[in-house]
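> Sharing final.cif (mmCIF, C-alpha atoms) below.
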data_query
loop_
_atom_site.label_atom_id
_atom_site.label_comp_id
_atom_site.auth_asym_id
_atom_site.auth_seq_id
_atom_site.Cartn_x
_atom_site.Cartn_y
_atom_site.Cartn_z
CA MET A 137 28.08 11.73 15.63
CA LEU A 138 25.71 10.30 13.00
CA LYS A 139 23.77 7.27 14.18
CA LYS A 140 22.59 4.64 11.75
CA LEU A 141 18.96 3.62 11.25
CA PHE A 142 17.67 0.51 9.49
CA ILE A 143 13.93 0.14 8.83
CA LYS A 144 12.46 -3.07 7.43
CA THR A 145 9.00 -2.50 5.98
CA TYR A 146 6.35 -5.18 5.66
CA GLY A 147 3.05 -5.04 3.82
CA CYS A 148 1.15 -2.17 2.30
CA GLN A 149 2.16 1.09 0.64
CA MET A 150 0.99 3.00 3.69
CA ASN A 151 3.68 1.24 5.69
CA VAL A 152 6.20 2.41 3.08
CA TYR A 153 4.99 5.97 3.64
CA ASP A 154 5.07 5.54 7.42
CA SER A 155 8.62 4.19 7.33
CA ALA A 156 9.78 7.24 5.40
CA ARG A 157 8.11 9.52 7.93
CA MET A 158 9.71 7.63 10.85
CA ALA A 159 13.08 8.36 9.26
CA ASP A 160 12.06 12.05 9.02
CA VAL A 161 11.12 12.09 12.73
CA LEU A 162 14.43 10.52 13.72
CA ALA A 163 16.65 12.64 11.46
CA PRO A 164 16.84 15.58 13.93
CA LEU A 165 18.10 13.09 16.53
CA GLY A 166 21.08 12.34 14.32
CA TYR A 167 19.88 9.17 12.61
CA GLY A 168 20.77 8.49 8.98
CA SER A 169 19.83 5.41 7.00
CA THR A 170 21.92 2.30 6.50
CA ASP A 171 21.28 -0.69 4.26
CA THR A 172 21.97 -3.47 6.77
CA PRO A 173 20.84 -4.14 10.34
CA GLU A 174 24.34 -5.25 11.29
CA ASP A 175 25.53 -1.63 10.97
CA ALA A 176 22.52 -0.03 12.63
CA ASP A 177 22.26 1.70 15.98
CA MET A 178 18.49 1.36 15.70
CA VAL A 179 16.43 -1.23 13.82
CA ILE A 180 12.71 -0.74 13.30
CA LEU A 181 10.47 -3.51 11.98
CA ASN A 182 7.43 -1.73 10.53
CA THR A 183 4.96 -4.59 10.49
CA CYS A 184 1.75 -5.60 8.75
CA HIS A 185 -0.94 -7.86 10.20
CA ILE A 186 -2.97 -8.56 7.09
CA ARG A 187 -1.34 -11.69 5.73
CA GLU A 188 -1.16 -15.18 7.18
CA LYS A 189 1.53 -15.83 9.79
CA ALA A 190 2.50 -12.15 9.80
CA ALA A 191 3.36 -12.18 13.50
CA GLU A 192 5.47 -15.34 13.21
CA LYS A 193 7.53 -13.74 10.44
CA VAL A 194 8.19 -10.82 12.75
CA PHE A 195 9.27 -13.08 15.63
CA SER A 196 11.57 -14.97 13.27
CA GLU A 197 13.23 -11.70 12.22
CA LEU A 198 13.47 -10.62 15.87
CA GLY A 199 15.36 -13.81 16.69
CA ARG A 200 17.97 -12.90 14.09
CA LEU A 201 18.19 -9.33 15.38
CA ARG A 202 18.66 -10.61 18.93
CA GLN A 203 21.87 -12.32 17.86
CA ILE A 204 23.16 -9.08 16.30
CA LYS A 205 22.17 -7.09 19.40
CA THR A 206 23.95 -9.55 21.70
CA ALA A 207 27.11 -9.51 19.59
CA ARG A 208 27.10 -5.70 19.52
CA SER A 209 26.58 -5.55 23.27
CA GLY A 210 29.59 -7.81 23.75
CA VAL A 211 31.89 -5.16 22.26
CA GLY A 212 30.25 -2.27 24.09
CA ASP A 213 27.85 -1.09 21.38
CA ASP A 214 24.14 -0.60 21.99
CA MET A 215 21.52 -1.42 19.38
CA VAL A 216 17.89 -0.38 19.85
CA ILE A 217 15.30 -2.78 18.44
CA ALA A 218 11.80 -1.46 17.79
CA VAL A 219 8.64 -3.10 16.46
CA ALA A 220 6.19 -0.71 14.86
CA GLY A 221 3.00 -0.97 12.82
CA CYS A 222 -0.02 -3.21 12.99
CA VAL A 223 1.52 -6.32 14.58
CA ALA A 224 2.87 -4.07 17.33
CA GLN A 225 -0.58 -2.53 17.79
CA ALA A 226 -2.38 -5.87 17.89
CA GLU A 227 0.15 -8.00 19.74
CA GLY A 228 2.28 -5.62 21.81
CA ALA A 229 1.92 -7.62 25.01
CA GLU A 230 2.83 -10.85 23.21
CA ILE A 231 5.94 -9.22 21.77
CA GLN A 232 6.94 -8.11 25.27
CA ARG A 233 6.47 -11.67 26.54
CA ARG A 234 8.22 -13.52 23.72
CA ALA A 235 10.91 -10.96 22.87
CA PRO A 236 11.88 -9.09 26.06
CA TYR A 237 15.00 -7.75 24.33
CA VAL A 238 12.83 -5.48 22.14
CA ASP A 239 13.27 -1.91 23.38
CA MET A 240 10.29 -0.13 21.81
CA ILE A 241 6.86 -1.29 20.65
CA PHE A 242 4.54 1.28 19.10
CA GLY A 243 1.50 1.35 16.85
CA PRO A 244 1.01 3.10 13.50
CA GLN A 245 -0.69 6.13 15.07
CA SER A 246 2.02 7.00 17.60
CA TYR A 247 5.33 7.16 15.76
CA HIS A 248 5.30 10.96 15.98
CA ARG A 249 6.27 10.33 19.63
CA LEU A 250 9.46 8.53 18.62
CA PRO A 251 11.82 11.19 20.07
CA GLU A 252 10.26 10.70 23.52
CA MET A 253 10.39 6.91 23.17
CA VAL A 254 14.04 7.00 22.11
CA ALA A 255 14.91 9.19 25.09
CA ARG A 256 13.20 6.79 27.48
CA ALA A 257 14.87 3.76 25.91
CA SER A 258 18.30 5.41 25.94
CA ARG A 259 17.93 6.12 29.66
CA HIS A 260 17.34 2.38 30.16
CA GLN A 261 13.98 3.01 31.77
CA GLY A 262 12.69 -0.33 30.59
CA ARG A 263 10.85 -1.32 27.47
CA VAL A 264 8.65 1.32 25.84
CA LEU A 265 5.14 0.26 24.85
CA ASP A 266 3.00 2.86 23.06
CA THR A 267 -0.04 1.27 21.45
CA ASP A 268 -2.75 3.63 22.66
CA PHE A 269 -4.68 5.56 20.04
CA PRO A 270 -3.62 9.17 20.71
CA VAL A 271 -6.20 11.93 20.90
CA GLU A 272 -4.09 14.10 18.62
CA SER A 273 -3.40 13.32 14.97
CA LYS A 274 0.17 12.22 14.34
CA PHE A 275 0.21 14.33 11.17
CA ASP A 276 0.01 17.50 13.26
CA PHE A 277 3.38 16.66 14.81
CA LEU A 278 5.37 15.24 11.92
CA PRO A 279 8.20 17.33 10.47
CA VAL A 280 8.31 18.46 6.88
CA ALA A 281 9.13 15.44 4.75
CA ALA A 282 12.75 15.03 3.71
CA SER A 283 13.79 15.04 0.07
CA SER A 284 11.62 12.84 -2.11
CA PRO A 285 12.68 9.31 -3.04
CA GLY A 286 12.49 9.94 -6.79
CA ALA A 287 9.92 10.45 -9.51
CA THR A 288 7.11 8.65 -7.67
CA ALA A 289 5.87 9.00 -4.09
CA PHE A 290 3.14 7.87 -1.72
CA LEU A 291 1.05 10.43 0.15
CA THR A 292 -1.25 9.33 2.96
CA VAL A 293 -4.52 11.29 2.94
CA GLN A 294 -6.77 8.98 4.96
CA GLU A 295 -6.26 6.36 7.66
CA GLY A 296 -8.37 3.87 9.52
CA CYS A 297 -11.56 2.04 8.69
CA ASP A 298 -15.16 2.06 9.89
CA LYS A 299 -16.34 -0.81 7.65
CA PHE A 300 -15.52 -3.70 10.03
CA CYS A 301 -15.28 -6.47 7.48
CA SER A 302 -15.39 -9.64 9.56
CA PHE A 303 -11.95 -10.90 8.46
CA CYS A 304 -10.00 -7.65 8.78
CA VAL A 305 -7.86 -6.27 11.61
CA VAL A 306 -7.50 -2.73 10.23
CA PRO A 307 -10.21 -1.09 12.40
CA TYR A 308 -8.45 -2.50 15.47
CA THR A 309 -4.88 -1.62 14.45
CA ARG A 310 -5.35 1.65 12.55
CA GLY A 311 -8.44 2.96 14.32
CA SER A 312 -11.48 4.77 12.94
CA GLU A 313 -11.51 6.66 9.67
CA PHE A 314 -9.60 9.92 9.70
CA SER A 315 -9.04 12.34 6.81
CA ARG A 316 -6.20 14.86 6.74
CA PRO A 317 -7.03 18.52 6.06
CA VAL A 318 -6.86 19.57 2.42
CA GLU A 319 -4.25 22.30 2.92
CA ALA A 320 -1.84 19.91 4.65
CA ILE A 321 -2.11 17.45 1.77
CA LEU A 322 -1.64 20.13 -0.88
CA ALA A 323 1.39 21.51 0.95
CA GLU A 324 3.00 18.07 1.21
CA ALA A 325 2.27 17.39 -2.46
CA ARG A 326 3.86 20.69 -3.51
CA ALA A 327 6.97 19.86 -1.47
CA MET A 328 7.18 16.45 -3.12
CA ILE A 329 6.87 17.97 -6.59
CA ALA A 330 9.52 20.57 -5.79
CA GLY A 331 11.80 17.64 -4.91
CA GLY A 332 11.30 15.99 -8.30
CA VAL A 333 8.19 13.84 -7.83
CA ARG A 334 6.03 13.55 -10.94
CA GLU A 335 3.55 10.88 -9.83
CA ILE A 336 1.76 10.73 -6.47
CA THR A 337 -0.27 7.80 -5.19
CA LEU A 338 -2.82 8.85 -2.58
CA LEU A 339 -3.05 6.31 0.24
CA GLY A 340 -5.72 5.28 2.68
CA GLN A 341 -7.17 2.12 4.17
CA ASN A 342 -10.39 3.38 2.58
CA VAL A 343 -8.95 6.18 0.51
CA ASN A 344 -12.20 6.90 -1.31
CA ALA A 345 -13.85 7.47 2.08
CA TYR A 346 -11.74 10.63 2.27
CA HIS A 347 -13.64 13.67 3.55
CA GLY A 348 -11.18 16.37 4.52
CA VAL A 349 -11.73 19.89 5.77
CA GLY A 350 -11.12 22.35 2.95
CA PRO A 351 -9.67 25.86 3.11
CA ASP A 352 -13.18 27.26 3.48
CA ASP A 353 -14.09 24.73 6.21
CA SER A 354 -16.24 22.83 3.73
CA ASP A 355 -16.15 19.07 3.31
CA TRP A 356 -13.97 17.88 0.42
CA PRO A 357 -14.51 14.35 -0.93
CA LEU A 358 -11.70 12.52 -2.69
CA ALA A 359 -12.85 13.61 -6.14
CA ARG A 360 -12.50 17.28 -5.25
CA LEU A 361 -9.08 16.68 -3.70
CA ILE A 362 -7.94 14.88 -6.87
CA ARG A 363 -9.07 17.79 -9.04
CA ALA A 364 -7.18 20.27 -6.84
CA LEU A 365 -4.00 18.19 -6.85
CA ALA A 366 -4.17 17.83 -10.64
CA GLU A 367 -3.94 21.61 -10.97
CA ILE A 368 -0.50 21.75 -9.30
CA ASP A 369 2.20 22.52 -11.86
CA GLY A 370 4.64 19.67 -12.24
CA LEU A 371 2.33 16.89 -11.06
CA ASP A 372 1.85 14.69 -14.10
CA ARG A 373 0.20 11.61 -12.66
CA LEU A 374 -2.17 10.68 -9.86
CA ARG A 375 -3.29 7.32 -8.49
CA TYR A 376 -5.16 6.27 -5.34
CA THR A 377 -5.43 3.08 -3.32
CA THR A 378 -7.09 1.20 -1.62
CA SER A 379 -10.78 1.74 -2.31
CA HIS A 380 -14.03 0.26 -1.06
CA PRO A 381 -17.01 -0.26 -3.39
CA LEU A 382 -19.33 1.52 -0.93
CA GLU A 383 -17.39 4.77 -1.43
CA MET A 384 -17.15 4.72 -5.23
CA THR A 385 -19.34 7.80 -5.71
CA ASP A 386 -20.60 9.40 -8.90
CA ASP A 387 -18.23 12.37 -8.59
CA LEU A 388 -15.24 10.06 -8.16
CA ILE A 389 -16.27 8.01 -11.18
CA ALA A 390 -16.62 11.25 -13.16
CA ALA A 391 -13.07 12.24 -12.17
CA HIS A 392 -11.79 9.24 -14.09
CA ALA A 393 -13.30 10.77 -17.22
CA ASP A 394 -12.42 14.40 -16.54
CA VAL A 395 -8.93 14.47 -14.99
CA PRO A 396 -6.15 13.56 -17.45
CA ALA A 397 -3.58 13.18 -14.66
CA LEU A 398 -5.66 10.44 -12.99
CA MET A 399 -4.21 7.25 -14.38
CA PRO A 400 -6.53 4.61 -15.90
CA PHE A 401 -5.88 2.02 -13.19
CA LEU A 402 -8.02 1.24 -10.14
CA HIS A 403 -7.54 -1.24 -7.31
CA LEU A 404 -11.05 -2.09 -6.09
CA PRO A 405 -11.20 -5.17 -3.82
CA VAL A 406 -14.31 -7.35 -3.93
CA GLN A 407 -13.08 -10.41 -1.91
CA SER A 408 -15.79 -12.79 -3.18
CA GLY A 409 -18.28 -13.12 -6.01
CA SER A 410 -20.89 -14.76 -3.78
CA ASP A 411 -23.60 -12.63 -2.21
CA ARG A 412 -23.88 -15.11 0.64
CA ILE A 413 -20.18 -14.89 1.46
CA LEU A 414 -20.10 -11.10 0.97
CA SER A 415 -22.88 -10.84 3.55
CA ALA A 416 -21.00 -13.12 5.96
CA MET A 417 -17.91 -10.93 5.45
CA ASN A 418 -19.96 -7.83 6.30
CA ARG A 419 -18.86 -6.21 3.06
CA ARG A 420 -22.19 -4.36 2.77
CA HIS A 421 -22.30 -4.62 -1.02
CA GLY A 422 -23.39 -7.38 -3.38
CA ARG A 423 -21.91 -8.78 -6.57
CA ASP A 424 -24.36 -6.82 -8.71
CA ASP A 425 -23.31 -3.59 -6.96
CA TYR A 426 -19.69 -4.33 -7.79
CA LEU A 427 -20.43 -5.23 -11.41
CA ARG A 428 -22.48 -2.02 -11.83
CA ILE A 429 -19.66 0.11 -10.41
CA ILE A 430 -17.11 -1.43 -12.77
CA ASP A 431 -19.48 -0.87 -15.69
CA GLU A 432 -19.95 2.80 -14.77
CA LEU A 433 -16.20 3.28 -14.37
CA ARG A 434 -15.55 1.75 -17.79
CA GLN A 435 -18.18 3.97 -19.34
CA ALA A 436 -16.33 6.95 -17.83
CA ARG A 437 -12.88 5.63 -18.82
CA PRO A 438 -13.18 2.82 -21.41
CA ASP A 439 -9.52 1.79 -21.13
CA LEU A 440 -9.59 1.49 -17.33
CA ALA A 441 -7.50 -1.39 -15.96
CA VAL A 442 -8.92 -3.00 -12.83
CA SER A 443 -7.16 -4.78 -9.98
CA GLY A 444 -8.82 -6.63 -7.10
CA ASP A 445 -8.44 -8.68 -3.91
CA PHE A 446 -9.92 -12.13 -3.32
CA ILE A 447 -10.21 -14.44 -0.33
CA VAL A 448 -11.02 -18.12 -0.93
CA GLY A 449 -12.09 -20.60 1.69
CA TYR A 450 -13.93 -18.17 3.94
CA PRO A 451 -15.79 -20.21 6.63
CA GLY A 452 -18.85 -21.79 5.06
CA GLU A 453 -17.82 -21.17 1.44
CA ASP A 454 -19.20 -24.00 -0.72
CA ASP A 455 -18.69 -24.99 -4.34
CA ARG A 456 -21.47 -22.70 -5.56
CA ASP A 457 -20.01 -19.70 -3.70
CA PHE A 458 -16.64 -20.34 -5.29
CA ALA A 459 -18.25 -20.76 -8.71
CA ASP A 460 -19.84 -17.34 -8.24
CA THR A 461 -16.38 -15.88 -7.61
CA MET A 462 -14.97 -17.49 -10.74
CA ASP A 463 -17.93 -16.17 -12.74
CA LEU A 464 -17.41 -12.63 -11.46
CA VAL A 465 -13.71 -12.76 -12.34
CA SER A 466 -14.59 -13.97 -15.83
CA GLN A 467 -17.03 -11.10 -16.29
CA ILE A 468 -14.67 -8.38 -15.05
CA GLY A 469 -11.36 -9.33 -16.66
CA TYR A 470 -8.64 -8.17 -14.27
CA ALA A 471 -5.34 -6.60 -15.27
CA GLN A 472 -3.86 -7.51 -11.87
CA ALA A 473 -5.18 -9.15 -8.72
CA TYR A 474 -4.20 -10.45 -5.29
CA SER A 475 -5.70 -13.67 -3.97
CA PHE A 476 -5.24 -15.55 -0.72
CA LYS A 477 -6.58 -18.42 1.32
CA PHE A 478 -8.62 -17.32 4.32
CA SER A 479 -6.69 -17.33 7.55
CA PRO A 480 -8.11 -16.02 10.84
CA ARG A 481 -6.76 -12.77 12.23
CA PRO A 482 -6.82 -12.66 16.04
CA GLY A 483 -9.52 -10.41 17.43
CA THR A 484 -11.69 -10.32 14.31
CA PRO A 485 -15.23 -11.76 14.19
CA ALA A 486 -14.18 -14.32 11.58
CA ALA A 487 -11.58 -15.73 13.96
CA ALA A 488 -14.42 -17.02 16.16
CA LEU A 489 -15.99 -18.96 13.28
CA ASP A 490 -15.42 -22.62 12.55
CA TYR A 491 -12.86 -22.08 9.83
CA SER A 492 -12.34 -25.83 9.51
CA THR A 493 -15.57 -25.93 7.46
CA VAL A 494 -13.37 -25.54 4.37
CA SER A 495 -10.45 -27.94 4.45
CA GLU A 496 -6.92 -26.87 3.59
CA PRO A 497 -6.80 -29.10 0.48
CA VAL A 498 -10.03 -27.53 -0.78
CA LYS A 499 -8.73 -24.03 -0.07
CA SER A 500 -5.51 -24.79 -1.92
CA ALA A 501 -7.34 -26.26 -4.90
CA ARG A 502 -9.69 -23.29 -5.14
CA LEU A 503 -6.86 -20.79 -4.83
CA ALA A 504 -4.90 -22.56 -7.56
CA GLU A 505 -7.93 -22.52 -9.88
CA LEU A 506 -8.62 -18.84 -9.18
CA GLN A 507 -4.99 -17.82 -9.64
CA THR A 508 -4.78 -19.71 -12.92
CA LEU A 509 -7.65 -17.62 -14.26
CA LEU A 510 -6.34 -14.34 -12.83
CA ASN A 511 -2.83 -14.97 -14.15
CA GLU A 512 -4.19 -15.71 -17.60
CA GLN A 513 -6.23 -12.50 -17.56
CA GLN A 514 -3.09 -10.55 -16.62
CA ARG A 515 -1.13 -12.20 -19.45
CA VAL A 516 -3.90 -11.38 -21.93
CA PHE A 517 -3.98 -7.77 -20.74
CA ASN A 518 -0.21 -7.39 -21.02
CA ARG A 519 -0.02 -9.02 -24.44
CA ALA A 520 -2.74 -6.69 -25.72
CA THR A 521 -0.34 -3.78 -25.25
CA VAL A 522 2.22 -5.18 -27.70
CA GLY A 523 2.57 -2.74 -30.58
CA ARG A 524 1.02 0.10 -28.62
CA ARG A 525 2.77 3.32 -27.70
CA LEU A 526 2.50 3.98 -23.96
CA ALA A 527 3.77 6.84 -21.83
CA VAL A 528 6.21 5.40 -19.30
CA LEU A 529 7.49 7.19 -16.20
CA PHE A 530 10.96 5.79 -15.48
CA ASP A 531 11.51 5.53 -11.73
CA ARG A 532 14.29 2.98 -11.13
CA ARG A 533 17.23 1.18 -12.69
CA GLY A 534 16.78 -2.29 -14.13
CA LYS A 535 18.80 -5.39 -13.42
CA GLU A 536 20.74 -5.15 -16.68
CA PRO A 537 23.42 -2.50 -17.29
CA GLY A 538 21.90 0.66 -18.72
CA GLN A 539 18.34 -0.66 -18.29
CA ALA A 540 15.58 1.45 -16.74
CA VAL A 541 12.19 0.38 -15.43
CA GLY A 542 9.08 2.50 -15.29
CA ARG A 543 5.32 2.30 -15.01
CA SER A 544 2.78 2.49 -17.78
CA PRO A 545 -0.48 4.38 -17.19
CA TYR A 546 -1.99 0.97 -16.39
CA ASN A 547 0.57 0.33 -13.60
CA GLN A 548 2.53 -2.25 -15.58
CA ALA A 549 6.28 -2.48 -15.07
CA VAL A 550 8.03 -1.63 -18.35
CA HIS A 551 11.69 -2.54 -18.98
CA VAL A 552 13.67 -0.56 -21.55
CA ASP A 553 17.32 -1.08 -22.45
CA ASP A 554 19.75 1.84 -22.79
CA ALA A 555 17.38 4.11 -20.88
CA ALA A 556 19.13 4.66 -17.53
CA HIS A 557 19.66 8.32 -18.48
CA LEU A 558 15.88 8.77 -18.54
CA LEU A 559 15.26 8.20 -14.83
CA GLY A 560 12.62 10.70 -13.72
CA ALA A 561 11.40 11.29 -17.26
CA ILE A 562 8.17 10.34 -19.00
CA ARG A 563 8.79 8.98 -22.51
CA PRO A 564 6.69 7.28 -25.18
CA VAL A 565 7.60 3.60 -25.37
CA VAL A 566 6.61 1.20 -28.11
CA ILE A 567 5.79 -2.09 -26.39
CA THR A 568 7.54 -5.04 -28.01
CA THR A 569 6.98 -7.82 -25.47
CA GLY A 570 4.15 -8.63 -23.10
CA LEU A 571 5.24 -10.96 -20.31
CA SER A 572 3.23 -12.39 -17.43
CA ASN A 573 4.22 -9.70 -14.95
CA SER A 574 5.84 -6.96 -17.02
CA LEU A 575 6.37 -5.41 -20.42
CA ALA A 576 9.44 -4.60 -22.51
CA GLY A 577 9.77 -1.96 -25.16
CA SER A 578 11.88 0.65 -26.88
CA ILE A 579 11.85 4.44 -26.75
CA ASP A 580 9.91 6.16 -29.51
CA ASP A 581 12.55 8.79 -30.25
CA ALA A 582 10.38 10.58 -32.78
CA ALA A 583 7.73 11.53 -30.20
CA ALA A 584 7.79 14.36 -27.69
CA GLU A 585 7.48 13.75 -23.96
CA PRO A 586 3.84 13.18 -23.03
CA SER A 587 2.46 14.41 -19.73
CA HIS A 588 -0.15 11.76 -19.14
CA ALA A 589 -1.40 8.51 -20.62
CA ALA A 590 -0.69 8.01 -24.33
#
Take the structure in the file and write it out as structure tokens.

Amino acid sequence: MLKKLFIKTYGCQMNVYDSARMADVLAPLGYGSTDTPEDADMVILNTCHIREKAAEKVFSELGRLRQIKTARSGVGDDMVIAVAGCVAQAEGAEIQRRAPYVDMIFGPQSYHRLPEMVARASRHQGRVLDTDFPVESKFDFLPVAASSPGATAFLTVQEGCDKFCSFCVVPYTRGSEFSRPVEAILAEARAMIAGGVREITLLGQNVNAYHGVGPDDSDWPLARLIRALAEIDGLDRLRYTTSHPLEMTDDLIAAHADVPALMPFLHLPVQSGSDRILSAMNRRHGRDDYLRIIDELRQARPDLAVSGDFIVGYPGEDDRDFADTMDLVSQIGYAQAYSFKFSPRPGTPAAALDYSTVSEPVKSARLAELQTLLNEQQRVFNRATVGRRLAVLFDRRGKEPGQAVGRSPYNQAVHVDDAAHLLGAIRPVVITTGLSNSLAGSIDDAAAEPSHAA
């Protein structure tokens, strides 16, 4: 009898990839997906610990699931509740204490052991806690991925982080940097493409720190992997995220000039424009390093669109530090960006600092000022595409009947009416409207299908 699985995914694209692989691991046990937790025999919360109050959001959701579990139990049905991901890794004991009705708690490196955990939970042997970092790589034990989700897909090539930025929990929840072997990545990519995928986004906590073992036992950096992937028939587009400035090497910059399938969009977090704050964050690069890298990238690919991450209100940040951030943003000109107020993550060095040195009103005011500038830069970038002809890969239906939504080479969402029949296709679109967060356009029927950026 088919059992029903509901997975709620929080946070980053890597969690999206992990959730899909959890479903693959559970499929041989008879689990198929359902859209609501009320119908599920198993619910997995795949959590993220990066954002503020992440754990509290998980506990709030667990409270709702407890009610469903109790109601199901009252009519003789069992429901397994599991917490996975980075909150599980960092706060497994706290979850056990506050939510004793949770059946399984496991970190992001151990979900390949889900069949064993399910067996233990089903035998009512008590709660299952698996947050150790296994000696073996989970990728060596995962089954072949199920059919692809559509025209676009995520592919994890690297995990973990050795940078130890003072505010970040990733080294403690994902472990040290690990790169998958080249052949395994190429095989998974080929399977995705055979299933209809046309664009792959390579994932890693520090994806440009990738150094995988090649077929000849040599070391392959990310640039070489990108070039090999681009040679696979049927793969039209490549992206990668998230990168660290320290790993933006000359060969990777050159790939942006040389590889047509590599889209002209790069997410490169900087966090602050102040050298003093960057040093306190242990970022190990300065503002001038970042500006030089962006300049070299734009020399390689003049139309490159840049995205970034920013934290305001880091302990000790003063008005001059914040002014330096605003100046850097003004110099770069971002197409997209993510910005947040500093909040301490338990277990990180920054959590031990006096984070009251920047008051909440000051943090809020700085964030509002920064976001006003970033939002205006995004609007300017989007409006500059009006009248242009861009290649759009349609990957989902829009909200309006017959509407389809796709991505431009610059990672903008593009809405086109009467285009639902084009899902999975790349078509030239003449942009007619540039909105704050998306574009609208019409199909250029006179043009042939392009393979890459137009």
> Can you work out which one of A:Pro485, A:Gly370, A:Pro317, A:Gly228 has the shortest atom-to-atom distance to Asp355 of chain A, counting all atoms listed in the file?
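Between A:Pro485, A:Gly370, A:Pro317, A:Gly228, the residue approaching Asp355 of chain A most closely is A:Pro317.
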> State, in Å with one decimal place, the distance from atom CA of Lys193 of chain A to atom CA of Tyr474 of chain A.
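Computing it gives 19.9 Å between the two atoms.
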> Using the chain letters and numbering of this document, enumerate as a compact mmCIF listing (two decimals) with C-alpha atoms, in the frame of the given file the residues selected by the PyMOL selection byres ((chain A and resi 402) around 10).

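result.txt, freshly written:
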# COMPACT_ATOMS: atom_id res chain seq x y z
CA ARG A 375 -3.29 7.32 -8.49
CA TYR A 376 -5.16 6.27 -5.34
CA THR A 377 -5.43 3.08 -3.32
CA THR A 378 -7.09 1.20 -1.62
CA SER A 379 -10.78 1.74 -2.31
CA HIS A 392 -11.79 9.24 -14.09
CA LEU A 398 -5.66 10.44 -12.99
CA MET A 399 -4.21 7.25 -14.38
CA PRO A 400 -6.53 4.61 -15.90
CA PHE A 401 -5.88 2.02 -13.19
CA HIS A 403 -7.54 -1.24 -7.31
CA LEU A 404 -11.05 -2.09 -6.09
CA PRO A 405 -11.20 -5.17 -3.82
CA ILE A 430 -17.11 -1.43 -12.77
CA LEU A 433 -16.20 3.28 -14.37
CA LEU A 440 -9.59 1.49 -17.33
CA ALA A 441 -7.50 -1.39 -15.96
CA VAL A 442 -8.92 -3.00 -12.83
CA SER A 443 -7.16 -4.78 -9.98
CA GLY A 444 -8.82 -6.63 -7.10
CA ALA A 471 -5.34 -6.60 -15.27
CA GLN A 472 -3.86 -7.51 -11.87
CA TYR A 546 -1.99 0.97 -16.39
CA ASN A 547 0.57 0.33 -13.60
> Which residues would end up in the selection if the PyMOL selection byres ((chain A and resi 468) around 10) were applied here, given that I need the answer as a ChimeraX atom specification?
/A:426-427,430-431,442-443,463-467,469-471,513
> Written as a ChimeraX atom specification, which residues does the PyMOL selection byres ((chain A and resi 325) around 12) give for the file shown?
/A:280-281,284,288-293,318-324,326-338,361-362,364-374
> For Ala487 of chain A, which residue among A:Ile231, A:Val211, A:Met417, A:Val565 is the nearest when counting all atoms listed in the file?
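Checking each of A:Ile231, A:Val211, A:Met417, A:Val565 against Ala487 of chain A, counting all atoms listed in the file, the winner is A:Met417.
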> What does the distance between atom CA of Arg434 of chain A and atom CA of Leu388 of chain A come to in Å, to one decimal place?
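Straight-line distance from atom CA of Arg434 of chain A to atom CA of Leu388 of chain A works out to 12.7 Å.
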> Kindly give the distance, in Å, that separates atom CA of Asp160 of chain A and atom CA of Gln225 of chain A, rounded to a single decimal.
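Here the two named atoms are 21.2 Å from each other.
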> Let me make sure I understand: among A:Arg419, A:Arg533, A:Lys144, A:Lys477, which one has the smallest atom-to-atom distance to Phe446 of chain A if we use all atoms listed in the file?
A:Lys477
> Could you list, as a list in words, every residue within 6 Å of Pro564 of chain A, counting all atoms listed in the file and ignoring same-chain residues fewer than 5 positions away?
Leu526, Ala527 and Asp580 of chain A
> Next, write the just-selected residues to a file, as a PDB file, in the coordinates of the input, keeping C-alpha atoms as the atom set.

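The result, stored in result28.pdb:
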ATOM      1  CA  LEU A 526       2.500   3.980 -23.960  1.00  0.00           C
ATOM      2  CA  ALA A 527       3.770   6.840 -21.830  1.00  0.00           C
ATOM      3  CA  ASP A 580       9.910   6.160 -29.510  1.00  0.00           C
TER       4      ASP A 580
END
> Please identify all polymer residues within 8 Å of Gln514 of chain A, counting all atoms listed in the file, omitting same-chain residues fewer than 2 positions from it, and present them as number ranges by chain.
A: 470-472, 510-512, 516-518, 572-573
> Determine the nearest neighbour of His248 of chain A from the options A:Ser155, A:Ser302, A:Ser196, A:Thr170, counting all atoms listed in the file.
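Checking each candidate against His248 of chain A, we get A:Ser155 as the closest.
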> Please identify all polymer residues within 9 Å of Asp175 of chain A, counting all atoms listed in the file, omitting same-chain residues fewer than 5 positions from it, and present them as number ranges by chain.
A: 140-142, 170
> Please produce an output containing C-alpha atoms for each residue in the selection, written as a PDB file, keeping the file's coordinate frame.

ATOM      1  CA  LYS A 140      22.590   4.640  11.750  1.00  0.00           C
ATOM      2  CA  LEU A 141      18.960   3.620  11.250  1.00  0.00           C
ATOM      3  CA  PHE A 142      17.670   0.510   9.490  1.00  0.00           C
ATOM      4  CA  THR A 170      21.920   2.300   6.500  1.00  0.00           C
TER       5      THR A 170
END
> Could you pull the residues within 7 Å of Asn344 of chain A, counting all atoms listed in the file, minus those fewer than 6 positions along the same chain, as a list in words?
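Non-adjacent residues within range: Leu358, Ser379, His380, Glu383 and Met384 of chain A.
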> Between A:Lys139, A:Arg525, A:Arg256, A:Arg412, which one has atoms that come closest to Ser169 of chain A, using all atoms listed in the file?
A:Lys139
